[in-house]
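Have a look at structure.txt; it's compact mmCIF, N, CA and C atoms:
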# COMPACT_ATOMS: atom_id res chain seq x y z
N MET A 21 -78.88 -3.28 -95.75
CA MET A 21 -79.34 -3.36 -94.37
C MET A 21 -80.25 -2.17 -94.07
N VAL A 22 -81.40 -2.47 -93.52
CA VAL A 22 -82.37 -1.43 -93.20
C VAL A 22 -81.97 -0.68 -91.93
N LEU A 23 -81.44 -1.42 -90.95
CA LEU A 23 -81.02 -0.81 -89.68
C LEU A 23 -79.55 -1.11 -89.44
N GLU A 24 -78.72 -0.15 -89.74
CA GLU A 24 -77.28 -0.27 -89.48
C GLU A 24 -77.05 -0.08 -87.98
N LYS A 25 -76.10 -0.83 -87.43
CA LYS A 25 -75.82 -0.72 -85.99
C LYS A 25 -75.47 0.71 -85.58
N ARG A 26 -74.80 1.42 -86.46
CA ARG A 26 -74.43 2.80 -86.12
C ARG A 26 -75.65 3.73 -86.03
N ASN A 27 -76.81 3.26 -86.52
CA ASN A 27 -78.04 4.05 -86.46
C ASN A 27 -78.95 3.61 -85.32
N ILE A 28 -78.37 2.87 -84.38
CA ILE A 28 -79.08 2.49 -83.16
C ILE A 28 -78.46 3.30 -82.03
N LEU A 29 -79.25 4.17 -81.44
CA LEU A 29 -78.78 5.09 -80.40
C LEU A 29 -79.44 4.70 -79.08
N LEU A 30 -78.70 4.01 -78.25
CA LEU A 30 -79.26 3.50 -77.00
C LEU A 30 -79.08 4.47 -75.85
N ASN A 31 -80.04 4.41 -74.92
CA ASN A 31 -79.97 5.15 -73.65
C ASN A 31 -79.73 6.64 -73.83
N GLN A 32 -80.51 7.25 -74.72
CA GLN A 32 -80.41 8.68 -74.96
C GLN A 32 -81.16 9.46 -73.89
N LYS A 33 -80.75 10.69 -73.68
CA LYS A 33 -81.43 11.58 -72.74
C LYS A 33 -82.58 12.27 -73.48
N PRO A 34 -83.67 12.56 -72.78
CA PRO A 34 -84.78 13.27 -73.43
C PRO A 34 -84.34 14.64 -73.93
N ASP A 35 -84.97 15.08 -75.00
CA ASP A 35 -84.72 16.38 -75.60
C ASP A 35 -86.08 16.89 -76.08
N THR A 36 -86.12 17.95 -76.84
CA THR A 36 -87.40 18.35 -77.41
C THR A 36 -87.73 17.40 -78.56
N LYS A 37 -89.01 17.22 -78.83
CA LYS A 37 -89.42 16.35 -79.93
C LYS A 37 -88.79 16.85 -81.23
N GLU A 38 -88.80 18.15 -81.44
CA GLU A 38 -88.23 18.74 -82.66
C GLU A 38 -86.75 18.39 -82.80
N ASN A 39 -85.99 18.49 -81.72
CA ASN A 39 -84.56 18.17 -81.77
C ASN A 39 -84.32 16.69 -82.06
N VAL A 40 -85.16 15.82 -81.49
CA VAL A 40 -85.03 14.39 -81.75
C VAL A 40 -85.26 14.11 -83.23
N ILE A 41 -86.32 14.70 -83.78
CA ILE A 41 -86.62 14.50 -85.20
C ILE A 41 -85.51 15.08 -86.08
N LYS A 42 -84.99 16.23 -85.72
CA LYS A 42 -83.87 16.82 -86.49
C LYS A 42 -82.63 15.92 -86.44
N ARG A 43 -82.39 15.33 -85.30
CA ARG A 43 -81.24 14.43 -85.16
C ARG A 43 -81.40 13.19 -86.04
N ILE A 44 -82.60 12.61 -86.03
CA ILE A 44 -82.88 11.46 -86.89
C ILE A 44 -82.74 11.86 -88.36
N GLY A 45 -83.30 13.01 -88.72
CA GLY A 45 -83.20 13.49 -90.11
C GLY A 45 -81.77 13.72 -90.54
N ALA A 46 -80.94 14.23 -89.65
CA ALA A 46 -79.54 14.46 -89.97
C ALA A 46 -78.82 13.14 -90.24
N ILE A 47 -79.16 12.11 -89.48
CA ILE A 47 -78.57 10.79 -89.71
C ILE A 47 -79.02 10.25 -91.06
N PHE A 48 -80.31 10.33 -91.35
CA PHE A 48 -80.81 9.87 -92.65
C PHE A 48 -80.05 10.55 -93.79
N SER A 49 -79.89 11.84 -93.69
CA SER A 49 -79.21 12.61 -94.74
C SER A 49 -77.73 12.24 -94.83
N ALA A 50 -77.04 12.21 -93.68
CA ALA A 50 -75.60 11.92 -93.67
C ALA A 50 -75.30 10.51 -94.17
N GLU A 51 -76.21 9.57 -93.92
CA GLU A 51 -76.01 8.18 -94.32
C GLU A 51 -76.50 7.90 -95.74
N GLY A 52 -77.04 8.92 -96.41
CA GLY A 52 -77.46 8.75 -97.79
C GLY A 52 -78.83 8.12 -97.99
N TYR A 53 -79.63 8.06 -96.94
CA TYR A 53 -80.99 7.52 -97.06
C TYR A 53 -81.94 8.54 -97.69
N THR A 54 -81.73 9.81 -97.37
CA THR A 54 -82.65 10.85 -97.83
C THR A 54 -81.88 12.12 -98.23
N ASP A 55 -82.61 13.01 -98.89
CA ASP A 55 -82.13 14.37 -99.10
C ASP A 55 -82.34 15.14 -97.80
N ASP A 56 -81.71 16.30 -97.70
CA ASP A 56 -81.87 17.14 -96.51
C ASP A 56 -83.33 17.52 -96.26
N ASN A 57 -84.13 17.63 -97.32
CA ASN A 57 -85.53 18.06 -97.20
C ASN A 57 -86.37 17.12 -96.34
N TYR A 58 -85.93 15.90 -96.20
CA TYR A 58 -86.74 14.91 -95.49
C TYR A 58 -86.93 15.28 -94.01
N THR A 59 -85.96 15.92 -93.41
CA THR A 59 -86.10 16.34 -92.01
C THR A 59 -87.29 17.26 -91.86
N GLN A 60 -87.40 18.23 -92.73
CA GLN A 60 -88.53 19.15 -92.67
C GLN A 60 -89.85 18.41 -92.90
N ALA A 61 -89.82 17.42 -93.77
CA ALA A 61 -91.03 16.62 -94.03
C ALA A 61 -91.46 15.84 -92.79
N MET A 62 -90.49 15.38 -92.00
CA MET A 62 -90.83 14.68 -90.76
C MET A 62 -91.43 15.66 -89.75
N LEU A 63 -90.87 16.86 -89.68
CA LEU A 63 -91.42 17.87 -88.78
C LEU A 63 -92.83 18.27 -89.21
N GLU A 64 -93.05 18.40 -90.52
CA GLU A 64 -94.38 18.72 -91.04
C GLU A 64 -95.39 17.64 -90.69
N LYS A 65 -94.98 16.39 -90.78
CA LYS A 65 -95.87 15.27 -90.47
C LYS A 65 -96.43 15.40 -89.06
N GLU A 66 -95.58 15.83 -88.13
CA GLU A 66 -96.03 15.96 -86.74
C GLU A 66 -97.09 17.04 -86.57
N THR A 67 -97.14 18.00 -87.48
CA THR A 67 -98.15 19.06 -87.36
C THR A 67 -99.52 18.57 -87.83
N VAL A 68 -99.55 17.53 -88.66
CA VAL A 68 -100.83 17.02 -89.16
C VAL A 68 -101.21 15.67 -88.56
N PHE A 69 -100.24 14.97 -87.98
CA PHE A 69 -100.48 13.63 -87.45
C PHE A 69 -99.42 13.33 -86.41
N ASN A 70 -99.84 13.05 -85.19
CA ASN A 70 -98.89 12.70 -84.14
C ASN A 70 -98.41 11.27 -84.39
N THR A 71 -97.11 11.10 -84.54
CA THR A 71 -96.56 9.79 -84.87
C THR A 71 -96.34 8.90 -83.65
N TYR A 72 -96.86 9.32 -82.49
CA TYR A 72 -96.83 8.42 -81.34
C TYR A 72 -97.85 7.33 -81.61
N MET A 73 -97.41 6.08 -81.58
CA MET A 73 -98.27 4.96 -81.97
C MET A 73 -98.84 4.20 -80.78
N GLY A 74 -98.51 4.62 -79.58
CA GLY A 74 -98.95 3.88 -78.40
C GLY A 74 -97.88 2.91 -77.96
N ASN A 75 -98.09 2.33 -76.79
CA ASN A 75 -97.18 1.32 -76.25
C ASN A 75 -95.73 1.81 -76.18
N PHE A 76 -95.56 3.11 -75.90
CA PHE A 76 -94.24 3.72 -75.70
C PHE A 76 -93.38 3.75 -76.96
N VAL A 77 -94.01 3.77 -78.14
CA VAL A 77 -93.28 3.81 -79.41
C VAL A 77 -93.77 4.98 -80.25
N ALA A 78 -92.82 5.76 -80.80
CA ALA A 78 -93.12 6.81 -81.77
C ALA A 78 -92.40 6.46 -83.07
N LEU A 79 -93.06 6.74 -84.19
CA LEU A 79 -92.52 6.41 -85.52
C LEU A 79 -92.48 7.64 -86.41
N PRO A 80 -91.57 8.57 -86.14
CA PRO A 80 -91.52 9.75 -87.01
C PRO A 80 -91.13 9.37 -88.44
N HIS A 81 -91.84 9.97 -89.38
CA HIS A 81 -91.60 9.76 -90.81
C HIS A 81 -92.13 10.97 -91.56
N GLY A 82 -91.80 11.07 -92.82
CA GLY A 82 -92.16 12.25 -93.59
C GLY A 82 -93.57 12.19 -94.15
N ILE A 83 -94.04 13.35 -94.58
CA ILE A 83 -95.32 13.42 -95.27
C ILE A 83 -95.22 12.71 -96.61
N GLU A 84 -96.35 12.32 -97.16
CA GLU A 84 -96.38 11.54 -98.40
C GLU A 84 -95.63 12.24 -99.53
N ALA A 85 -95.74 13.55 -99.63
CA ALA A 85 -95.07 14.30 -100.69
C ALA A 85 -93.55 14.19 -100.63
N ALA A 86 -93.02 13.76 -99.49
CA ALA A 86 -91.56 13.66 -99.30
C ALA A 86 -91.00 12.34 -99.81
N LYS A 87 -91.83 11.46 -100.32
CA LYS A 87 -91.32 10.18 -100.85
C LYS A 87 -90.20 10.41 -101.86
N LYS A 88 -90.31 11.51 -102.61
CA LYS A 88 -89.30 11.83 -103.63
C LYS A 88 -87.93 12.14 -103.02
N ASP A 89 -87.91 12.46 -101.74
CA ASP A 89 -86.66 12.80 -101.05
C ASP A 89 -85.94 11.58 -100.47
N ILE A 90 -86.57 10.40 -100.59
CA ILE A 90 -85.98 9.17 -100.05
C ILE A 90 -85.19 8.46 -101.14
N LYS A 91 -83.92 8.20 -100.86
CA LYS A 91 -83.04 7.53 -101.83
C LYS A 91 -83.00 6.03 -101.61
N LYS A 92 -83.06 5.59 -100.36
CA LYS A 92 -83.08 4.17 -100.03
C LYS A 92 -83.73 3.99 -98.67
N THR A 93 -84.25 2.81 -98.43
CA THR A 93 -84.97 2.53 -97.19
C THR A 93 -84.01 2.36 -96.02
N GLY A 94 -84.36 2.99 -94.91
CA GLY A 94 -83.57 2.85 -93.69
C GLY A 94 -84.35 3.30 -92.48
N ILE A 95 -83.86 2.89 -91.32
CA ILE A 95 -84.45 3.35 -90.07
C ILE A 95 -83.36 3.76 -89.10
N VAL A 96 -83.76 4.64 -88.20
CA VAL A 96 -82.91 5.05 -87.09
C VAL A 96 -83.70 4.72 -85.83
N LEU A 97 -83.10 3.98 -84.92
CA LEU A 97 -83.79 3.59 -83.70
C LEU A 97 -83.09 4.21 -82.51
N MET A 98 -83.88 4.86 -81.67
CA MET A 98 -83.35 5.55 -80.49
C MET A 98 -84.13 5.08 -79.27
N THR A 99 -83.43 4.74 -78.21
CA THR A 99 -84.12 4.44 -76.96
C THR A 99 -83.90 5.58 -75.98
N VAL A 100 -84.97 5.94 -75.29
CA VAL A 100 -84.95 6.99 -74.27
C VAL A 100 -85.65 6.39 -73.04
N PRO A 101 -84.91 5.66 -72.21
CA PRO A 101 -85.53 4.95 -71.08
C PRO A 101 -86.38 5.83 -70.16
N GLU A 102 -85.99 7.11 -70.00
CA GLU A 102 -86.77 8.02 -69.15
C GLU A 102 -88.07 8.45 -69.80
N GLY A 103 -88.19 8.25 -71.11
CA GLY A 103 -89.36 8.70 -71.86
C GLY A 103 -89.11 10.06 -72.49
N GLN A 104 -89.59 10.22 -73.70
CA GLN A 104 -89.40 11.42 -74.50
C GLN A 104 -90.74 12.15 -74.65
N GLU A 105 -90.77 13.46 -74.36
CA GLU A 105 -91.99 14.24 -74.59
C GLU A 105 -92.39 14.11 -76.06
N TRP A 106 -93.70 13.85 -76.33
CA TRP A 106 -94.14 13.66 -77.71
C TRP A 106 -95.58 14.11 -77.92
N ASP A 107 -96.06 15.01 -77.09
CA ASP A 107 -97.45 15.47 -77.21
C ASP A 107 -98.42 14.30 -77.20
N ALA A 108 -98.20 13.38 -76.28
CA ALA A 108 -99.05 12.20 -76.17
C ALA A 108 -99.28 11.90 -74.68
N ALA A 109 -100.26 11.06 -74.41
CA ALA A 109 -100.57 10.70 -73.03
C ALA A 109 -99.38 10.01 -72.35
N GLU A 110 -98.67 9.19 -73.12
CA GLU A 110 -97.50 8.50 -72.60
C GLU A 110 -96.26 9.04 -73.31
N LYS A 111 -95.14 8.98 -72.63
CA LYS A 111 -93.88 9.37 -73.25
C LYS A 111 -93.26 8.16 -73.92
N PRO A 112 -92.99 8.22 -75.23
CA PRO A 112 -92.34 7.07 -75.87
C PRO A 112 -90.94 6.85 -75.31
N LYS A 113 -90.58 5.58 -75.22
CA LYS A 113 -89.24 5.19 -74.79
C LYS A 113 -88.43 4.68 -75.97
N VAL A 114 -89.12 4.41 -77.08
CA VAL A 114 -88.48 3.95 -78.30
C VAL A 114 -88.98 4.83 -79.44
N ILE A 115 -88.05 5.45 -80.14
CA ILE A 115 -88.37 6.30 -81.29
C ILE A 115 -87.70 5.68 -82.50
N ILE A 116 -88.50 5.37 -83.50
CA ILE A 116 -87.99 4.71 -84.70
C ILE A 116 -88.31 5.58 -85.90
N GLY A 117 -87.29 6.28 -86.39
CA GLY A 117 -87.44 7.08 -87.60
C GLY A 117 -87.46 6.17 -88.81
N VAL A 118 -88.40 6.42 -89.72
CA VAL A 118 -88.56 5.56 -90.89
C VAL A 118 -88.46 6.41 -92.16
N ALA A 119 -87.63 5.94 -93.09
CA ALA A 119 -87.56 6.49 -94.45
C ALA A 119 -87.63 5.29 -95.37
N ALA A 120 -88.72 5.16 -96.11
CA ALA A 120 -88.91 3.95 -96.90
C ALA A 120 -89.29 4.27 -98.34
N VAL A 121 -88.67 3.55 -99.25
CA VAL A 121 -88.96 3.65 -100.67
C VAL A 121 -90.21 2.81 -100.95
N GLY A 122 -91.13 3.35 -101.74
CA GLY A 122 -92.32 2.60 -102.14
C GLY A 122 -93.09 2.08 -100.95
N ASP A 123 -93.40 0.78 -100.98
CA ASP A 123 -94.16 0.16 -99.89
C ASP A 123 -93.28 -0.59 -98.91
N GLU A 124 -91.97 -0.35 -98.93
CA GLU A 124 -91.06 -1.08 -98.05
C GLU A 124 -91.32 -0.79 -96.58
N HIS A 125 -92.03 0.32 -96.29
CA HIS A 125 -92.34 0.63 -94.90
C HIS A 125 -93.28 -0.41 -94.28
N LEU A 126 -94.05 -1.11 -95.10
CA LEU A 126 -95.00 -2.09 -94.57
C LEU A 126 -94.29 -3.24 -93.87
N GLU A 127 -93.18 -3.70 -94.44
CA GLU A 127 -92.40 -4.77 -93.81
C GLU A 127 -91.78 -4.28 -92.50
N ILE A 128 -91.28 -3.05 -92.52
CA ILE A 128 -90.69 -2.47 -91.30
C ILE A 128 -91.74 -2.37 -90.20
N LEU A 129 -92.90 -1.83 -90.56
CA LEU A 129 -93.97 -1.67 -89.57
C LEU A 129 -94.43 -3.02 -89.02
N SER A 130 -94.45 -4.04 -89.86
CA SER A 130 -94.82 -5.38 -89.43
C SER A 130 -93.84 -5.90 -88.38
N LYS A 131 -92.53 -5.72 -88.63
CA LYS A 131 -91.52 -6.18 -87.67
C LYS A 131 -91.63 -5.41 -86.35
N ILE A 132 -91.91 -4.12 -86.43
CA ILE A 132 -92.06 -3.31 -85.23
C ILE A 132 -93.27 -3.82 -84.44
N ALA A 133 -94.39 -4.02 -85.13
CA ALA A 133 -95.62 -4.48 -84.46
C ALA A 133 -95.42 -5.84 -83.79
N LEU A 134 -94.75 -6.75 -84.48
CA LEU A 134 -94.55 -8.09 -83.93
C LEU A 134 -93.58 -8.08 -82.75
N SER A 135 -92.57 -7.24 -82.81
CA SER A 135 -91.52 -7.24 -81.78
C SER A 135 -91.86 -6.41 -80.55
N PHE A 136 -92.61 -5.34 -80.75
CA PHE A 136 -92.83 -4.38 -79.67
C PHE A 136 -94.30 -4.10 -79.43
N SER A 137 -95.12 -5.14 -79.49
CA SER A 137 -96.56 -4.96 -79.39
C SER A 137 -97.07 -4.83 -77.96
N ASP A 138 -96.21 -5.04 -76.99
CA ASP A 138 -96.66 -4.92 -75.60
C ASP A 138 -95.53 -4.36 -74.74
N ALA A 139 -95.87 -4.07 -73.49
CA ALA A 139 -94.89 -3.48 -72.57
C ALA A 139 -93.69 -4.40 -72.38
N TYR A 140 -93.92 -5.70 -72.38
CA TYR A 140 -92.81 -6.65 -72.23
C TYR A 140 -91.82 -6.48 -73.38
N GLY A 141 -92.32 -6.35 -74.60
CA GLY A 141 -91.44 -6.18 -75.76
C GLY A 141 -90.61 -4.92 -75.66
N ILE A 142 -91.20 -3.85 -75.16
CA ILE A 142 -90.47 -2.59 -75.01
C ILE A 142 -89.42 -2.73 -73.91
N ASP A 143 -89.80 -3.30 -72.78
CA ASP A 143 -88.83 -3.50 -71.69
C ASP A 143 -87.66 -4.37 -72.16
N ARG A 144 -87.97 -5.40 -72.94
CA ARG A 144 -86.93 -6.30 -73.47
C ARG A 144 -86.00 -5.51 -74.38
N LEU A 145 -86.57 -4.70 -75.26
CA LEU A 145 -85.78 -3.89 -76.19
C LEU A 145 -84.84 -2.95 -75.43
N LEU A 146 -85.33 -2.34 -74.38
CA LEU A 146 -84.52 -1.38 -73.62
C LEU A 146 -83.28 -2.04 -73.00
N GLY A 147 -83.31 -3.36 -72.85
CA GLY A 147 -82.16 -4.07 -72.30
C GLY A 147 -81.27 -4.73 -73.35
N MET A 148 -81.60 -4.54 -74.62
CA MET A 148 -80.85 -5.20 -75.69
C MET A 148 -79.63 -4.40 -76.13
N SER A 149 -78.71 -5.11 -76.79
CA SER A 149 -77.54 -4.47 -77.40
C SER A 149 -77.87 -4.08 -78.83
N GLU A 150 -76.98 -3.31 -79.44
CA GLU A 150 -77.15 -2.94 -80.84
C GLU A 150 -77.23 -4.18 -81.73
N ASP A 151 -76.41 -5.20 -81.44
CA ASP A 151 -76.42 -6.44 -82.23
C ASP A 151 -77.78 -7.12 -82.15
N ASP A 152 -78.34 -7.22 -80.95
CA ASP A 152 -79.63 -7.88 -80.78
C ASP A 152 -80.74 -7.13 -81.51
N ILE A 153 -80.73 -5.81 -81.40
CA ILE A 153 -81.76 -5.01 -82.05
C ILE A 153 -81.63 -5.12 -83.56
N SER A 154 -80.41 -5.03 -84.06
CA SER A 154 -80.18 -5.14 -85.49
C SER A 154 -80.69 -6.48 -86.03
N ALA A 155 -80.49 -7.55 -85.25
CA ALA A 155 -80.91 -8.88 -85.68
C ALA A 155 -82.42 -8.98 -85.86
N ILE A 156 -83.18 -8.25 -85.04
CA ILE A 156 -84.64 -8.25 -85.17
C ILE A 156 -85.04 -7.73 -86.54
N PHE A 157 -84.41 -6.65 -86.97
CA PHE A 157 -84.81 -6.01 -88.21
C PHE A 157 -84.20 -6.68 -89.44
N GLU A 158 -83.13 -7.38 -89.26
CA GLU A 158 -82.49 -8.03 -90.41
C GLU A 158 -82.89 -9.50 -90.53
N GLY A 159 -83.45 -10.05 -89.45
CA GLY A 159 -83.83 -11.46 -89.44
C GLY A 159 -85.14 -11.72 -90.16

Can you present the structure in this file as structure tokens?
Amino acid sequence: MVLEKRNILLNQKPDTKENVIKRIGAIFSAEGYTDDNYTQAMLEKETVFNTYMGNFVALPHGIEAAKKDIKKTGIVLMTVPEGQEWDAAEKPKVIIGVAAVGDEHLEILSKIALSFSDAYGIDRLLGMSEDDISAIFEG
């Protein structure tokens, strides 16, 4: 399973972008998706490329050199209905941490694009349960 229900964190309060990324990285590490180094790789990525993708979605992930730190593909999904500071014009309300082996991130990104391509999709997601969100990624 790419998105375990326990890795869906709904209705979170805003924090610093760094703390959000560290929290996602800690989950990846604790769940066996990555080595501890991957958290730093995600923080490094933000210094060279803002992972805010528009439409209230941010996709933190590691730099290319960190692929070696990924043991298996997984995602952590966090909703922040109030919006999370992310050095962008808009505050993301959905943060999806991605750790993917090889090219498996392409399928994940495709599902994200199809499901959350507009404001309606984001609003719908914010009202979903863990089961409903998990079904999107596993279906």

Tell me, as a PDB file with N, CA and C atoms, keeping the file's coordinate frame, which residues lie within 8 Å of Asp138 (chain A), counting all atoms listed in the file; anything in the same chain fewer than 6 positions away does not count.
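Output saved as selection_22.pdb:
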ATOM      1  N   ASN A  75     -98.090   2.330 -76.790  1.00  0.00           N
ATOM      2  CA  ASN A  75     -97.180   1.320 -76.250  1.00  0.00           C
ATOM      3  C   ASN A  75     -95.730   1.810 -76.180  1.00  0.00           C
ATOM      4  N   PHE A  76     -95.560   3.110 -75.900  1.00  0.00           N
ATOM      5  CA  PHE A  76     -94.240   3.720 -75.700  1.00  0.00           C
ATOM      6  C   PHE A  76     -93.380   3.750 -76.960  1.00  0.00           C
ATOM      7  N   ARG A 144     -87.970  -5.400 -72.940  1.00  0.00           N
ATOM      8  CA  ARG A 144     -86.930  -6.300 -73.470  1.00  0.00           C
ATOM      9  C   ARG A 144     -86.000  -5.510 -74.380  1.00  0.00           C
TER      10      ARG A 144
END

**Message:** Residues near region 81-98 of chain A, anyone? I mean within 6 Å using only C-alpha atoms, not counting same-chain ones fewer than 4 positions away, as a list in words.
**Reply:**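 Listing them by chain and then by number gives Val22, Leu23, Asn27, Ile28, Leu29, Leu30, Tyr53, Thr54, Asp55, Tyr58, Ala61, Met62, Lys65, Val114, Ile115, Ile116, Gly117, Val118, Ala119, Ala120 and Val121 of chain A.
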
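Interatomic distance, CA of Ile41 (chain A) to atom C of Val68 (chain A): 15.0 Å.
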
**Message:** Could you list, as number ranges by chain, every residue within 8 Å of Pro101 (chain A), counting only N, CA and C atoms and ignoring same-chain residues fewer than 3 positions away?
**Reply:** A: 30-34, 98, 104, 112-114, 146

**Fill in**
As a check of understanding: the span from atom C of Glu38 (chain A) to atom N of Pro80 (chain A) is 11.4 Å

**Request:** Can you pull out every residue within 7 Å of Glu158 (chain A), counting only N, CA and C atoms, but drop anything in the same chain fewer than 2 positions away, and send it as a list in words?
**Result:**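 Close residues of Glu158 (chain A): Met21, Val22, Leu23, Ile153, Ser154, Ala155 and Ile156 of chain A.
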
**Prompt:** Looking only at the backbone, which of the residues in chain A does DSSP tag as strand (DSSP E or B), as number ranges by chain?
**Reply:** A: 28-29, 54, 72-74, 77-78, 81, 90, 94-99, 114-119

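Distance-wise, CA of Phe48 (chain A) and CA of Leu63 (chain A) end up 13.8 Å apart.
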
Kindly complete region 116-127 of chain A to N, CA, C and O atoms; the output should be written as a short mmCIF file (atom, residue, chain, number, x, y, z; two decimals), in the coordinates of the input.
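The resulting file, selection14.cif, is shown below:
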data_model
loop_
_atom_site.label_atom_id
_atom_site.label_comp_id
_atom_site.auth_asym_id
_atom_site.auth_seq_id
_atom_site.Cartn_x
_atom_site.Cartn_y
_atom_site.Cartn_z
N ILE A 116 -88.50 5.37 -83.50
CA ILE A 116 -87.99 4.71 -84.70
C ILE A 116 -88.31 5.58 -85.90
O ILE A 116 -89.45 5.65 -86.35
N GLY A 117 -87.29 6.28 -86.39
CA GLY A 117 -87.44 7.08 -87.60
C GLY A 117 -87.46 6.17 -88.81
O GLY A 117 -86.65 5.25 -88.90
N VAL A 118 -88.40 6.42 -89.72
CA VAL A 118 -88.56 5.56 -90.89
C VAL A 118 -88.46 6.41 -92.16
O VAL A 118 -89.13 7.43 -92.30
N ALA A 119 -87.63 5.94 -93.09
CA ALA A 119 -87.56 6.49 -94.45
C ALA A 119 -87.63 5.29 -95.37
O ALA A 119 -86.72 4.45 -95.36
N ALA A 120 -88.72 5.16 -96.11
CA ALA A 120 -88.91 3.95 -96.90
C ALA A 120 -89.29 4.27 -98.34
O ALA A 120 -90.13 5.12 -98.60
N VAL A 121 -88.67 3.55 -99.25
CA VAL A 121 -88.96 3.65 -100.67
C VAL A 121 -90.21 2.81 -100.95
O VAL A 121 -90.33 1.69 -100.46
N GLY A 122 -91.13 3.35 -101.74
CA GLY A 122 -92.32 2.60 -102.14
C GLY A 122 -93.09 2.08 -100.95
O GLY A 122 -93.38 2.82 -100.01
N ASP A 123 -93.40 0.78 -100.98
CA ASP A 123 -94.16 0.16 -99.89
C ASP A 123 -93.28 -0.59 -98.91
O ASP A 123 -93.78 -1.39 -98.11
N GLU A 124 -91.97 -0.35 -98.93
CA GLU A 124 -91.06 -1.08 -98.05
C GLU A 124 -91.32 -0.79 -96.58
O GLU A 124 -90.93 -1.56 -95.71
N HIS A 125 -92.03 0.32 -96.29
CA HIS A 125 -92.34 0.63 -94.90
C HIS A 125 -93.28 -0.41 -94.28
O HIS A 125 -93.28 -0.61 -93.08
N LEU A 126 -94.05 -1.11 -95.10
CA LEU A 126 -95.00 -2.09 -94.57
C LEU A 126 -94.29 -3.24 -93.87
O LEU A 126 -94.71 -3.68 -92.80
N GLU A 127 -93.18 -3.70 -94.44
CA GLU A 127 -92.40 -4.77 -93.81
C GLU A 127 -91.78 -4.28 -92.50
O GLU A 127 -91.76 -4.99 -91.50
#
